[in-house]
Structure formats: C-alpha cells, structure tokens
>>> print(open('input-v2.pdb').read())   # PDB, C-alpha atoms
ATOM      1  CA  MET W   1       0.000   0.000   0.000
ATOM      2  CA  LYS W   2       1.550   3.280  -1.136
ATOM      3  CA  MET W   3       0.608   6.508   0.612
ATOM      4  CA  GLN W   4       1.459  10.071  -0.217
ATOM      5  CA  ASN W   5       1.160  10.884   3.480
ATOM      6  CA  ASP W   6       2.455   8.681   6.251
ATOM      7  CA  VAL W   7      -0.092   6.706   8.278
ATOM      8  CA  VAL W   8      -0.549   8.485  11.574
ATOM      9  CA  PRO W   9      -0.579   6.276  14.680
ATOM     10  CA  PRO W  10      -3.815   6.391  16.724
ATOM     11  CA  SER W  11      -1.998   7.968  19.661
ATOM     12  CA  THR W  12      -1.148  11.140  17.702
ATOM     13  CA  GLN W  13      -3.259  13.930  16.290
ATOM     14  CA  VAL W  14      -4.491  13.271  12.743
ATOM     15  CA  PRO W  15      -3.343  16.024  10.347
ATOM     16  CA  PRO W  16      -6.171  17.982   8.694
ATOM     17  CA  GLN W  17      -5.576  16.659   5.186
ATOM     18  CA  ALA W  18      -6.710  13.661   3.224
ATOM     19  CA  GLN W  19      -4.586  10.642   2.421
ATOM     20  CA  PHE W  20      -4.366   9.271  -1.112
ATOM     21  CA  VAL W  21      -3.751   5.540  -1.284
ATOM     22  CA  THR W  22      -2.868   3.488  -4.370
ATOM     23  CA  ILE W  23      -4.360  -0.012  -4.202
ATOM     24  CA  THR W  24      -1.863  -2.831  -4.686
ATOM     25  CA  GLU W  25      -2.454  -6.244  -6.246
ATOM     26  CA  GLU W  26      -2.805  -7.821  -2.792
ATOM     27  CA  GLU W  27      -5.416  -5.268  -1.692
ATOM     28  CA  ALA W  28      -7.526  -5.558  -4.849
ATOM     29  CA  GLY W  29     -10.801  -7.479  -4.715
ATOM     30  CA  GLN W  30     -11.989  -6.408  -1.271
ATOM     31  CA  ARG W  31     -14.948  -4.144  -0.598
ATOM     32  CA  ILE W  32     -14.179  -0.512   0.157
ATOM     33  CA  ASP W  33     -15.959  -0.625   3.531
ATOM     34  CA  ASN W  34     -13.950  -3.648   4.690
ATOM     35  CA  TYR W  35     -10.754  -2.033   3.442
ATOM     36  CA  LEU W  36     -11.410   1.166   5.378
ATOM     37  CA  LEU W  37     -12.331  -0.737   8.541
ATOM     38  CA  ARG W  38      -8.945  -2.454   8.341
ATOM     39  CA  VAL W  39      -6.721   0.531   7.561
ATOM     40  CA  CYS W  40      -8.484   3.121   9.736
ATOM     41  CA  LYS W  41      -7.648   1.507  13.055
ATOM     42  CA  GLY W  42      -9.495   2.924  16.046
ATOM     43  CA  VAL W  43     -12.121   4.683  13.933
ATOM     44  CA  PRO W  44     -15.708   3.775  14.937
ATOM     45  CA  LYS W  45     -17.519   1.612  12.396
ATOM     46  CA  SER W  46     -20.427   4.057  12.274
ATOM     47  CA  HIS W  47     -18.042   6.839  11.227
ATOM     48  CA  ILE W  48     -16.574   4.737   8.415
ATOM     49  CA  TYR W  49     -20.037   4.256   6.919
ATOM     50  CA  ARG W  50     -20.870   7.924   7.459
ATOM     51  CA  ILE W  51     -17.887   9.152   5.406
ATOM     52  CA  LEU W  52     -18.768   6.613   2.707
ATOM     53  CA  ARG W  53     -22.392   7.825   2.519
ATOM     54  CA  SER W  54     -21.342  11.481   2.489
ATOM     55  CA  GLY W  55     -19.013  11.006  -0.477
ATOM     56  CA  GLU W  56     -15.896  12.051   1.453
ATOM     57  CA  VAL W  57     -14.253   8.793   0.390
ATOM     58  CA  ARG W  58     -13.492   8.860  -3.325
ATOM     59  CA  VAL W  59     -12.007   6.333  -5.744
ATOM     60  CA  ASN W  60     -10.268   7.765  -8.815
ATOM     61  CA  LYS W  61     -11.906  11.109  -7.922
ATOM     62  CA  GLY W  62     -15.417   9.656  -8.149
ATOM     63  CA  ARG W  63     -18.045   8.761  -5.558
ATOM     64  CA  ILE W  64     -18.617   5.100  -4.728
ATOM     65  CA  ASP W  65     -20.883   3.170  -2.377
ATOM     66  CA  GLN W  66     -19.885   0.757   0.370
ATOM     67  CA  LEU W  67     -20.223  -2.274  -1.940
ATOM     68  CA  TYR W  68     -17.561  -1.097  -4.388
ATOM     69  CA  ARG W  69     -14.766  -3.644  -4.861
ATOM     70  CA  LEU W  70     -11.283  -2.234  -5.176
ATOM     71  CA  VAL W  71      -9.202  -2.735  -8.317
ATOM     72  CA  GLN W  72      -5.403  -2.710  -8.531
ATOM     73  CA  GLY W  73      -4.236   0.817  -9.293
ATOM     74  CA  ASP W  74      -7.309   2.525  -7.810
ATOM     75  CA  ILE W  75      -6.478   5.779  -6.028
ATOM     76  CA  VAL W  76      -8.531   6.060  -2.861
ATOM     77  CA  ARG W  77      -9.056   9.362  -1.081
ATOM     78  CA  ILE W  78      -9.381   8.840   2.674
ATOM     79  CA  PRO W  79     -10.542  11.998   4.483
ATOM     80  CA  PRO W  80      -9.140  13.054   7.855
ATOM     81  CA  VAL W  81     -10.718  10.811  10.484
ATOM     82  CA  ARG W  82     -10.702  10.966  14.262
ATOM     83  CA  VAL W  83      -9.933   7.800  16.210
ATOM     84  CA  ALA W  84     -12.208   6.643  19.010
ATOM     85  CA  ASP W  85     -11.372   8.162  22.375
ATOM     86  CA  LYS W  86     -10.906   4.723  23.929
ATOM     87  CA  ALA W  87      -9.002   3.101  21.101
ATOM     88  CA  ASP W  88      -6.704   0.335  22.253
ATOM     89  CA  THR W  89      -3.189   1.557  21.534
ATOM     90  CA  SER W  90      -1.401  -1.150  23.489
ATOM     91  CA  VAL W  91       1.510  -2.860  21.795
ATOM     92  CA  VAL W  92       0.741  -6.332  20.470
ATOM     93  CA  PRO W  93       3.479  -8.772  21.501
ATOM     94  CA  ALA W  94       4.992 -10.469  18.471
ATOM     95  CA  ALA W  95       4.725 -14.250  18.460
ATOM     96  CA  GLU W  96       5.342 -17.156  16.125
ATOM     97  CA  PHE W  97       3.571 -20.506  16.392
ATOM     98  CA  ASP W  98       4.456 -24.050  15.380
ATOM     99  CA  ILE W  99       4.451 -24.035  11.580
ATOM    100  CA  ILE W 100       2.920 -27.051   9.846
ATOM    101  CA  TYR W 101       3.300 -25.694   6.308
ATOM    102  CA  GLU W 102       4.440 -22.476   4.641
ATOM    103  CA  ASP W 103       5.070 -21.231   1.133
ATOM    104  CA  SER W 104       4.560 -17.987  -0.820
ATOM    105  CA  GLN W 105       0.758 -18.417  -0.707
ATOM    106  CA  LEU W 106      -0.037 -19.994   2.656
ATOM    107  CA  LEU W 107       0.923 -20.226   6.296
ATOM    108  CA  VAL W 108      -0.537 -23.105   8.305
ATOM    109  CA  ILE W 109       0.126 -23.200  12.043
ATOM    110  CA  ASP W 110      -0.715 -25.460  14.974
ATOM    111  CA  LYS W 111      -2.666 -23.114  17.242
ATOM    112  CA  PRO W 112      -2.462 -23.913  20.962
ATOM    113  CA  ALA W 113      -5.622 -24.072  23.082
ATOM    114  CA  GLY W 114      -6.467 -20.937  25.045
ATOM    115  CA  VAL W 115      -5.335 -18.502  22.342
ATOM    116  CA  ALA W 116      -7.895 -16.480  20.362
ATOM    117  CA  VAL W 117      -7.416 -16.264  16.603
ATOM    118  CA  HIS W 118      -8.111 -12.512  16.572
ATOM    119  CA  GLY W 119      -8.831  -9.616  18.929
ATOM    120  CA  GLY W 120     -12.352  -8.653  19.997
ATOM    121  CA  SER W 121     -14.991  -9.696  22.559
ATOM    122  CA  GLY W 122     -12.793  -8.763  25.487
ATOM    123  CA  VAL W 123      -9.559  -9.987  23.864
ATOM    124  CA  SER W 124      -7.172  -7.210  22.826
ATOM    125  CA  PHE W 125      -5.225  -9.352  20.359
ATOM    126  CA  GLY W 126      -5.006 -12.854  18.965
ATOM    127  CA  VAL W 127      -2.984 -15.073  16.648
ATOM    128  CA  ILE W 128      -3.390 -12.874  13.571
ATOM    129  CA  GLU W 129      -2.281  -9.682  15.351
ATOM    130  CA  GLN W 130       0.701 -11.441  16.935
ATOM    131  CA  LEU W 131       1.826 -12.939  13.634
ATOM    132  CA  ARG W 132       1.552  -9.560  11.904
ATOM    133  CA  ALA W 133       3.653  -8.043  14.674
ATOM    134  CA  ALA W 134       6.244 -10.808  14.241
ATOM    135  CA  ARG W 135       6.283 -10.358  10.458
ATOM    136  CA  PRO W 136       6.219  -6.591   9.834
ATOM    137  CA  GLN W 137       7.584  -7.158   6.323
ATOM    138  CA  ALA W 138       4.529  -9.210   5.306
ATOM    139  CA  LYS W 139       2.438  -7.238   2.810
ATOM    140  CA  PHE W 140      -0.625  -9.414   3.352
ATOM    141  CA  LEU W 141      -1.619 -11.868   6.070
ATOM    142  CA  GLU W 142      -5.241 -12.844   6.735
ATOM    143  CA  LEU W 143      -7.124 -15.651   8.461
ATOM    144  CA  VAL W 144      -8.684 -18.132   6.036
ATOM    145  CA  HIS W 145     -10.986 -19.529   8.735
ATOM    146  CA  ARG W 146     -11.375 -19.482  12.519
ATOM    147  CA  LEU W 147     -10.989 -21.797  15.472
ATOM    148  CA  ASP W 148     -12.580 -21.362  18.896
ATOM    149  CA  ARG W 149     -10.169 -20.022  21.500
ATOM    150  CA  ASP W 150     -10.193 -23.317  23.420
ATOM    151  CA  THR W 151      -9.714 -25.473  20.304
ATOM    152  CA  SER W 152      -6.190 -26.383  19.256
ATOM    153  CA  GLY W 153      -4.838 -27.448  15.888
ATOM    154  CA  LEU W 154      -4.613 -26.472  12.244
ATOM    155  CA  LEU W 155      -5.239 -22.817  11.387
ATOM    156  CA  LEU W 156      -4.867 -21.584   7.804
ATOM    157  CA  LEU W 157      -3.682 -18.085   6.915
ATOM    158  CA  ALA W 158      -3.308 -16.599   3.442
ATOM    159  CA  LYS W 159      -0.235 -14.612   2.414
ATOM    160  CA  LYS W 160      -1.890 -13.382  -0.797
ATOM    161  CA  ARG W 161      -5.417 -12.146  -1.435
ATOM    162  CA  SER W 162      -5.742 -14.475  -4.422
ATOM    163  CA  ALA W 163      -5.067 -17.432  -2.096
ATOM    164  CA  LEU W 164      -7.607 -16.142   0.419
ATOM    165  CA  THR W 165     -10.404 -15.812  -2.137
ATOM    166  CA  ASN W 166      -9.552 -19.200  -3.671
ATOM    167  CA  LEU W 167      -9.695 -21.012  -0.329
ATOM    168  CA  HIS W 168     -12.897 -19.217   0.689
ATOM    169  CA  GLU W 169     -14.499 -20.398  -2.537
ATOM    170  CA  GLN W 170     -13.340 -23.988  -1.866
ATOM    171  CA  MET W 171     -14.904 -23.845   1.599
ATOM    172  CA  ARG W 172     -18.168 -22.374   0.314
ATOM    173  CA  GLU W 173     -18.409 -25.082  -2.331
ATOM    174  CA  GLY W 174     -17.639 -27.845   0.189
ATOM    175  CA  HIS W 175     -14.389 -28.827  -1.506
ATOM    176  CA  THR W 176     -12.312 -28.868   1.678
ATOM    177  CA  ASP W 177     -12.184 -31.663   4.249
ATOM    178  CA  LYS W 178     -11.724 -30.621   7.899
ATOM    179  CA  ARG W 179     -11.442 -33.196  10.661
ATOM    180  CA  TYR W 180     -11.166 -32.886  14.421
ATOM    181  CA  LEU W 181     -10.316 -35.190  17.311
ATOM    182  CA  THR W 182     -12.548 -34.934  20.363
ATOM    183  CA  LEU W 183     -13.139 -36.849  23.584
ATOM    184  CA  VAL W 184     -16.719 -37.209  24.801
ATOM    185  CA  ALA W 185     -18.154 -38.497  28.068
ATOM    186  CA  GLY W 186     -20.564 -41.425  27.876
ATOM    187  CA  ASP W 187     -21.123 -44.795  26.235
ATOM    188  CA  TRP W 188     -20.779 -44.100  22.507
ATOM    189  CA  LYS W 189     -22.219 -47.004  20.505
ATOM    190  CA  ASN W 190     -21.884 -46.469  16.759
ATOM    191  CA  ALA W 191     -18.716 -46.940  14.717
ATOM    192  CA  ARG W 192     -19.875 -44.157  12.380
ATOM    193  CA  GLN W 193     -22.714 -41.749  13.056
ATOM    194  CA  HIS W 194     -24.202 -38.854  11.065
ATOM    195  CA  VAL W 195     -25.659 -35.939  13.032
ATOM    196  CA  LYS W 196     -27.864 -33.520  11.089
ATOM    197  CA  LEU W 197     -29.304 -30.887  13.417
ATOM    198  CA  PRO W 198     -30.141 -27.292  12.331
ATOM    199  CA  LEU W 199     -28.201 -24.682  14.284
ATOM    200  CA  HIS W 200     -29.267 -21.185  15.303
ATOM    201  CA  LYS W 201     -26.735 -18.581  16.457
ATOM    202  CA  TYR W 202     -27.762 -16.027  19.083
ATOM    203  CA  THR W 203     -26.273 -13.676  21.679
ATOM    204  CA  THR W 204     -26.965 -13.952  25.396
ATOM    205  CA  ALA W 205     -27.988 -11.019  27.596
ATOM    206  CA  GLU W 206     -24.351 -10.838  28.685
ATOM    207  CA  GLY W 207     -23.222 -10.437  25.064
ATOM    208  CA  GLU W 208     -21.841 -13.962  24.741
ATOM    209  CA  ARG W 209     -22.171 -15.780  21.428
ATOM    210  CA  ARG W 210     -24.045 -19.082  21.683
ATOM    211  CA  VAL W 211     -25.560 -21.687  19.357
ATOM    212  CA  ALA W 212     -28.618 -23.888  19.850
ATOM    213  CA  VAL W 213     -30.421 -26.588  17.896
ATOM    214  CA  GLN W 214     -33.506 -24.928  16.446
ATOM    215  CA  ALA W 215     -35.957 -26.034  13.740
ATOM    216  CA  ASP W 216     -35.486 -22.886  11.658
ATOM    217  CA  GLY W 217     -31.698 -22.882  12.098
ATOM    218  CA  LEU W 218     -29.076 -23.392   9.380
ATOM    219  CA  PRO W 219     -28.702 -26.959   8.044
ATOM    220  CA  SER W 220     -25.674 -28.547   9.722
ATOM    221  CA  HIS W 221     -24.052 -31.939   9.247
ATOM    222  CA  THR W 222     -21.235 -33.674  11.132
ATOM    223  CA  VAL W 223     -20.000 -37.251  10.717
ATOM    224  CA  PHE W 224     -18.499 -38.884  13.817
ATOM    225  CA  THR W 225     -16.226 -41.938  13.674
ATOM    226  CA  LEU W 226     -15.369 -43.916  16.812
ATOM    227  CA  LEU W 227     -11.601 -44.304  17.197
ATOM    228  CA  ARG W 228     -11.131 -45.510  20.772
ATOM    229  CA  LYS W 229     -13.632 -46.447  23.461
ATOM    230  CA  PHE W 230     -12.848 -46.237  27.168
ATOM    231  CA  LYS W 231     -14.848 -47.059  30.278
ATOM    232  CA  ASP W 232     -16.390 -43.597  30.608
ATOM    233  CA  PHE W 233     -15.199 -41.820  27.460
ATOM    234  CA  ALA W 234     -14.893 -42.190  23.696
ATOM    235  CA  LEU W 235     -12.331 -40.672  21.324
ATOM    236  CA  LEU W 236     -14.032 -39.572  18.095
ATOM    237  CA  GLU W 237     -13.024 -38.094  14.784
ATOM    238  CA  ALA W 238     -15.458 -35.393  13.672
ATOM    239  CA  GLU W 239     -15.737 -34.684   9.958
ATOM    240  CA  LEU W 240     -17.363 -31.376   9.122
ATOM    241  CA  LYS W 241     -19.772 -31.432   6.195
ATOM    242  CA  THR W 242     -20.842 -27.849   7.007
ATOM    243  CA  GLY W 243     -18.898 -25.234   8.944
ATOM    244  CA  ARG W 244     -21.233 -23.606  11.447
ATOM    245  CA  THR W 245     -20.152 -21.839  14.621
ATOM    246  CA  HIS W 246     -19.653 -24.323  17.511
ATOM    247  CA  GLN W 247     -21.063 -27.069  15.262
ATOM    248  CA  ILE W 248     -19.188 -30.044  16.719
ATOM    249  CA  ARG W 249     -19.753 -28.912  20.302
ATOM    250  CA  VAL W 250     -23.513 -28.385  19.912
ATOM    251  CA  HIS W 251     -24.104 -31.488  17.791
ATOM    252  CA  LEU W 252     -22.440 -33.639  20.436
ATOM    253  CA  ALA W 253     -24.044 -31.958  23.448
ATOM    254  CA  SER W 254     -27.489 -32.174  21.823
ATOM    255  CA  SER W 255     -26.880 -35.884  21.173
ATOM    256  CA  GLY W 256     -26.161 -36.480  24.864
ATOM    257  CA  PHE W 257     -22.368 -36.598  24.629
ATOM    258  CA  ALA W 258     -20.600 -33.570  26.086
ATOM    259  CA  ILE W 259     -17.031 -32.822  25.050
ATOM    260  CA  ALA W 260     -14.664 -33.215  27.987
ATOM    261  CA  GLY W 261     -13.709 -29.767  29.269
ATOM    262  CA  ASP W 262     -16.276 -27.819  27.218
ATOM    263  CA  ASP W 263     -17.183 -24.836  29.404
ATOM    264  CA  LYS W 264     -20.103 -23.660  27.221
ATOM    265  CA  TYR W 265     -22.069 -26.764  26.278
ATOM    266  CA  GLY W 266     -20.441 -29.460  28.400
ATOM    267  CA  ASP W 267     -21.062 -31.312  31.654
ATOM    268  CA  PHE W 268     -19.979 -28.734  34.224
ATOM    269  CA  ALA W 269     -19.793 -31.183  37.150
ATOM    270  CA  LEU W 270     -17.592 -33.473  35.064
ATOM    271  CA  ASN W 271     -15.408 -30.554  34.010
ATOM    272  CA  ARG W 272     -14.765 -29.667  37.666
ATOM    273  CA  ALA W 273     -13.798 -33.265  38.378
ATOM    274  CA  LEU W 274     -11.485 -33.352  35.345
ATOM    275  CA  LEU W 275      -9.498 -30.406  36.641
ATOM    276  CA  LYS W 276      -8.022 -32.654  39.319
ATOM    277  CA  ALA W 277      -6.316 -35.979  38.802
ATOM    278  CA  ASP W 278      -7.586 -38.938  40.843
ATOM    279  CA  ALA W 279      -6.297 -42.434  41.541
ATOM    280  CA  THR W 280      -7.271 -43.753  38.098
ATOM    281  CA  ARG W 281      -7.255 -40.715  35.838
ATOM    282  CA  GLY W 282      -5.116 -37.712  35.025
ATOM    283  CA  ALA W 283      -6.268 -34.095  34.969
ATOM    284  CA  LEU W 284      -7.681 -32.266  31.944
ATOM    285  CA  LYS W 285      -7.527 -28.481  32.106
ATOM    286  CA  ARG W 286      -8.796 -27.615  28.625
ATOM    287  CA  MET W 287     -11.502 -28.569  26.142
ATOM    288  CA  PHE W 288     -10.596 -31.784  24.313
ATOM    289  CA  LEU W 289     -11.151 -30.592  20.734
ATOM    290  CA  HIS W 290      -8.301 -30.532  18.223
ATOM    291  CA  ALA W 291      -8.297 -29.699  14.493
ATOM    292  CA  HIS W 292      -5.998 -32.518  13.395
ATOM    293  CA  GLN W 293      -6.403 -32.741   9.590
ATOM    294  CA  ILE W 294      -7.366 -30.604   6.618
ATOM    295  CA  THR W 295      -7.410 -31.381   2.909
ATOM    296  CA  PHE W 296      -7.749 -28.734   0.197
ATOM    297  CA  THR W 297      -6.517 -27.847  -3.281
ATOM    298  CA  HIS W 298      -3.447 -25.635  -3.253
ATOM    299  CA  PRO W 299      -4.544 -22.253  -4.653
ATOM    300  CA  GLU W 300      -1.480 -21.883  -6.885
ATOM    301  CA  THR W 301      -0.368 -25.404  -7.876
ATOM    302  CA  GLY W 302      -3.820 -26.989  -8.060
ATOM    303  CA  LYS W 303      -2.526 -30.058  -6.227
ATOM    304  CA  LEU W 304      -4.481 -31.724  -3.430
ATOM    305  CA  LEU W 305      -2.806 -31.047  -0.077
ATOM    306  CA  THR W 306      -3.483 -32.899   3.188
ATOM    307  CA  LEU W 307      -1.978 -31.495   6.390
ATOM    308  CA  ASN W 308      -1.952 -32.958   9.904
ATOM    309  CA  ALA W 309      -1.271 -31.565  13.366
ATOM    310  CA  PRO W 310      -0.428 -34.031  16.160
ATOM    311  CA  LEU W 311      -2.748 -34.160  19.140
ATOM    312  CA  ALA W 312      -1.673 -31.681  21.803
ATOM    313  CA  ALA W 313       0.589 -33.182  24.476
ATOM    314  CA  GLU W 314      -1.839 -32.490  27.348
ATOM    315  CA  CYS W 315      -4.576 -34.383  25.491
ATOM    316  CA  GLU W 316      -2.272 -37.318  24.757
ATOM    317  CA  ARG W 317      -1.334 -37.516  28.432
ATOM    318  CA  PHE W 318      -4.989 -37.598  29.449
ATOM    319  CA  LEU W 319      -5.738 -40.407  26.983
ATOM    320  CA  LEU W 320      -2.838 -42.449  28.377
ATOM    321  CA  SER W 321      -4.204 -41.987  31.888
ATOM    322  CA  LEU W 322      -7.491 -43.623  30.814
ATOM    323  CA  GLY W 323      -5.727 -46.947  30.252
ATOM    324  CA  LYS W 324      -6.146 -49.458  27.455
ATOM    325  CA  PRO W 325      -9.139 -48.790  25.135
ATOM    326  CA  LEU W 326     -12.022 -51.257  25.410
ATOM    327  CA  ASN W 327     -12.047 -51.694  21.634
ATOM    328  CA  ALA W 328      -8.298 -52.363  21.363
ATOM    329  CA  SER W 329      -7.502 -55.427  19.240
ATOM    330  CA  THR W 330      -4.607 -56.563  21.444
TER     331      THR W 330
END
>>> encode(input="input-v2.pdb", output="structure tokens")
Amino acid sequence: MKMQNDVVPPSTQVPPQAQFVTITEEEAGQRIDNYLLRVCKGVPKSHIYRILRSGEVRVNKGRIDQLYRLVQGDIVRIPPVRVADKADTSVVPAAEFDIIYEDSQLLVIDKPAGVAVHGGSGVSFGVIEQLRAARPQAKFLELVHRLDRDTSGLLLLAKKRSALTNLHEQMREGHTDKRYLTLVAGDWKNARQHVKLPLHKYTTAEGERRVAVQADGLPSHTVFTLLRKFKDFALLEAELKTGRTHQIRVHLASSGFAIAGDDKYGDFALNRALLKADATRGALKRMFLHAHQITFTHPETGKLLTLNAPLAAECERFLLSLGKPLNAST
C-alpha cells in the first residue's frame, strides 16, 4: 500500500488533510468498507459508513458506495478521520507458532488451546495480530478460517489475497475436508454416526455468542467416527460437512455426549472433576477438541494437499491416563 502521506498512529493527532492511497495487487478485490475498517484503526464503524455515505471517500476522484470492490491501481481518497477516544493503543506482543506448512501463498500453524485467533470480545489481540507483529515485512496476512479459543490445531492463513479468495471459494463449495479429534463423556455405541441438526446462532444477555439446535436454524451436518472407546469416554473423529459456529460442540451436546472440558455446552460437574487428577485418571484443564487434519486444493499449484497436526501433548497424556481402550484389538 503506497501513501502520499504517512499513516498516523492512533496515539497522535491526525493532520487535517486527506490521504491518497494506491491499491496494490494484494489489496484488490476487497470491498471498500472492509478495506477502510482495516486501515483506519481505532475509527468507529459508524463513522466509516458515514464518510462513505457522504461522499468524502473517493475512488479515482469519483463517488462510490460501500459495496464497491477495489481494483489494482485505484487511487482512494481517505478523508481526515478521528480515532475513538478509547481506542486500544497497546503494543501487540509479536509471536510465532508451530508451523505445519508455509510457502509464498499460505501459512498453516498449529494453534495452541487458550489462544484467540483474533482480537475482539474482550480480547485485545489474537494469533493474527501477533503474527503480523512478528512479520512486519509481510504485505498481506489474513485468516482463512477461525478456530474457537479453546480449540487447538490447524489454522490456515493466506499470504496473498488471491489465495484467500480461492480457499474461501473452496470452503463455500464444500471442496475442503476438515477433521477434528474430540473426547466425549458417555457410552458411545456407533462406529460411524451422522448428526444432522439445524443450528441457530444467538447472543446472550451478557453479550456472549451461543448456538442452539432450532428447527429454523441453518442446516448442519457432522460425521463422527469412533476411534477408541474407554470405560467412561470415547475418542471420536469429527468430519465437518458444514462449517457452522460451535457445530461439533452443539451437535455432540445435543446428542447427549458432552465434550470433555467444554465450558459452554459441556457437563460442568464433570469438568470440575477433570481439573483434578484422581487415583485412576489424570487431569484435563482444557476442552478436548483438536483440528488434526485438513485437505484442500493448493490455490497456486492446483494439487491436493493434506496437512496434519499431532494431538496436543496435554490431550495425549490424558488419553494415556485412561488406560487401554475397550475396543483395542490386542
């Protein structure tokens, strides 16, 4: 992104003149409103849409609406804007994560449990902000998809906008294969089980995002395969046929099988017991849900790519503490 005027940090006074930005190849293709929300850090969303409606934002000297998609070489006029009084100007600590795969198009990491993928909802920063801080030379770095904060495993990031749009299209068309490992409490019977329950997303009075099975919800489909069966637990592989928020967690809880350690939809009494090891079982201090495999077509080479992330060490230790599986062949 080339600017005739330097970008002014949120902590300083914005000069009373417009900025003129030339759109690069990596920035092309995105909507003008999303672009402004990203580059005008600390500016209230309502103000962004106000300057768009008023015509203060111009592209190639002409007025545009919020749905306009940027083209390489476009010259965007950004008027002087005032940051929010309570903008978060804290420094994001740079961090790298275990890399599963990386090339000029993609970065795939093994996200640890307990780390948000992005800032918001009471979290000042997440994986994407920390990676950007660690890689200031990166011209483009965006999340391809999301993982819950308490879920570990494979997280895809795009290093080029063309890769991002390609992978989003693959996911929309159902051409990717995402699989998770999860441990549930209870006597799981079936070797392979399809769960098709419509899911409705809502927000609680406290502002927390939740999902419930509801007749008029979005169609949702998960396939569960039994891997190991223990006395009180079962290790499953979950194959996502759709990608709804909290889909695996709600499908399992609604089927009577709570994920061990799930603090939103799980068995809260069990979770308290799992925090402490007893004579026969180790402790589990996180939700047992891990994105262990993803298959997709590489956006540049066109080759099918399957990536795996090993089960997190704390989950492996808990499985070992459960003893020999009941369905073990030897």
>>> axis_aligned_box(input="input-v2.pdb", around="stretch 36-44 of chain W", padding_each_side="5 Å", output="AutoDock Vina command-line options")
--center_x -11.2 --center_y 1.1 --center_z 10.7 --size_x 19.0 --size_y 17.1 --size_z 20.7
>>> residues_around(input="input-v2.pdb", residues="W:Ser220", least_positions_apart="6", cutoff="8 Å", atoms="only C-alpha atoms", output="JSON, numbers by chain")
{"W": [196, 197, 198, 199, 241, 242, 243, 244, 247]}
>>> residues_around(input="input-v2.pdb", residues="stretch 256-273 of chain W", least_positions_apart="5", cutoff="6 Å", atoms="only C-alpha atoms", output="ChimeraX atom specification")
/W:183-185,286-288
>>> closest_residue(input="input-v2.pdb", among="W:Leu67, W:Val21, W:Ile100, W:Ala328", to="W:Arg53", atoms="all atoms listed in the file")
W:Leu67
>>> atom_distance(input="input-v2.pdb", atom1="atom CA of W:Ala212", atom2="atom CA of W:Phe224")
19.1 Å
>>> atom_distance(input="input-v2.pdb", atom1="atom CA of W:Lys160", atom2="atom CA of W:Glu239")
27.6 Å
>>> atom_distance(input="input-v2.pdb", atom1="atom CA of W:Ala313", atom2="atom CA of W:Lys276")
17.2 Å
>>> resolve_selection(input="input-v2.pdb", expression="the PyMOL selection byres ((chain W and resi 295-312) around 8)", output="list in words")
Ile100, Tyr101, Gln105, Asp110, Pro112, Ser152, Gly153, Leu154, Ser162, Ala163, Asn166, Leu167, Gln170, His175, Thr176, Asp177, Lys178, Leu181, His290, Ala291, His292, Gln293, Ile294, Ala313, Glu314, Cys315 and Glu316 of chain W
>>> resolve_selection(input="input-v2.pdb", expression="the PyMOL selection byres ((chain W and resi 327) around 12)", output="list in words")
Trp188, Lys189, Ala191, Leu226, Leu227, Arg228, Lys229, Phe230, Lys231, Phe233, Ala234, Leu235, Gly323, Lys324, Pro325, Leu326, Ala328, Ser329 and Thr330 of chain W
>>> write_last_selection(input="input-v2.pdb", atoms="C-alpha atoms", output="PDB file, in the frame of the given file")
ATOM      1  CA  TRP W 188     -20.779 -44.100  22.507  1.00  0.00           C
ATOM      2  CA  LYS W 189     -22.219 -47.004  20.505  1.00  0.00           C
ATOM      3  CA  ALA W 191     -18.716 -46.940  14.717  1.00  0.00           C
ATOM      4  CA  LEU W 226     -15.369 -43.916  16.812  1.00  0.00           C
ATOM      5  CA  LEU W 227     -11.601 -44.304  17.197  1.00  0.00           C
ATOM      6  CA  ARG W 228     -11.131 -45.510  20.772  1.00  0.00           C
ATOM      7  CA  LYS W 229     -13.632 -46.447  23.461  1.00  0.00           C
ATOM      8  CA  PHE W 230     -12.848 -46.237  27.168  1.00  0.00           C
ATOM      9  CA  LYS W 231     -14.848 -47.059  30.278  1.00  0.00           C
ATOM     10  CA  PHE W 233     -15.199 -41.820  27.460  1.00  0.00           C
ATOM     11  CA  ALA W 234     -14.893 -42.190  23.696  1.00  0.00           C
ATOM     12  CA  LEU W 235     -12.331 -40.672  21.324  1.00  0.00           C
ATOM     13  CA  GLY W 323      -5.727 -46.947  30.252  1.00  0.00           C
ATOM     14  CA  LYS W 324      -6.146 -49.458  27.455  1.00  0.00           C
ATOM     15  CA  PRO W 325      -9.139 -48.790  25.135  1.00  0.00           C
ATOM     16  CA  LEU W 326     -12.022 -51.257  25.410  1.00  0.00           C
ATOM     17  CA  ALA W 328      -8.298 -52.363  21.363  1.00  0.00           C
ATOM     18  CA  SER W 329      -7.502 -55.427  19.240  1.00  0.00           C
ATOM     19  CA  THR W 330      -4.607 -56.563  21.444  1.00  0.00           C
TER      20      THR W 330
END
>>> build_atoms(input="input-v2.pdb", residues="stretch 23-33 of chain W", atoms="N, CA and C atoms", output="compact mmCIF listing (two decimals), keeping the file's coordinate frame")
# COMPACT_ATOMS: atom_id res chain seq x y z
N ILE W 23 -4.05 1.37 -4.53
CA ILE W 23 -4.36 -0.01 -4.20
C ILE W 23 -3.41 -0.97 -4.92
N THR W 24 -2.80 -1.86 -4.13
CA THR W 24 -1.86 -2.83 -4.69
C THR W 24 -2.61 -4.09 -5.15
N GLU W 25 -1.87 -4.99 -5.78
CA GLU W 25 -2.45 -6.24 -6.25
C GLU W 25 -3.04 -7.03 -5.09
N GLU W 26 -2.35 -7.04 -3.94
CA GLU W 26 -2.80 -7.82 -2.79
C GLU W 26 -4.05 -7.22 -2.15
N GLU W 27 -4.26 -5.92 -2.30
CA GLU W 27 -5.42 -5.27 -1.69
C GLU W 27 -6.64 -5.30 -2.61
N ALA W 28 -6.43 -5.56 -3.88
CA ALA W 28 -7.53 -5.56 -4.85
C ALA W 28 -8.51 -6.69 -4.54
N GLY W 29 -9.78 -6.45 -4.86
CA GLY W 29 -10.80 -7.48 -4.72
C GLY W 29 -11.66 -7.33 -3.47
N GLN W 30 -11.20 -6.54 -2.49
CA GLN W 30 -11.99 -6.41 -1.27
C GLN W 30 -12.93 -5.19 -1.36
N ARG W 31 -14.00 -5.25 -0.60
CA ARG W 31 -14.95 -4.14 -0.60
C ARG W 31 -14.34 -2.93 0.09
N ILE W 32 -14.74 -1.75 -0.38
CA ILE W 32 -14.18 -0.51 0.16
C ILE W 32 -14.47 -0.35 1.65
N ASP W 33 -15.66 -0.79 2.10
CA ASP W 33 -15.96 -0.62 3.53
C ASP W 33 -15.06 -1.51 4.38
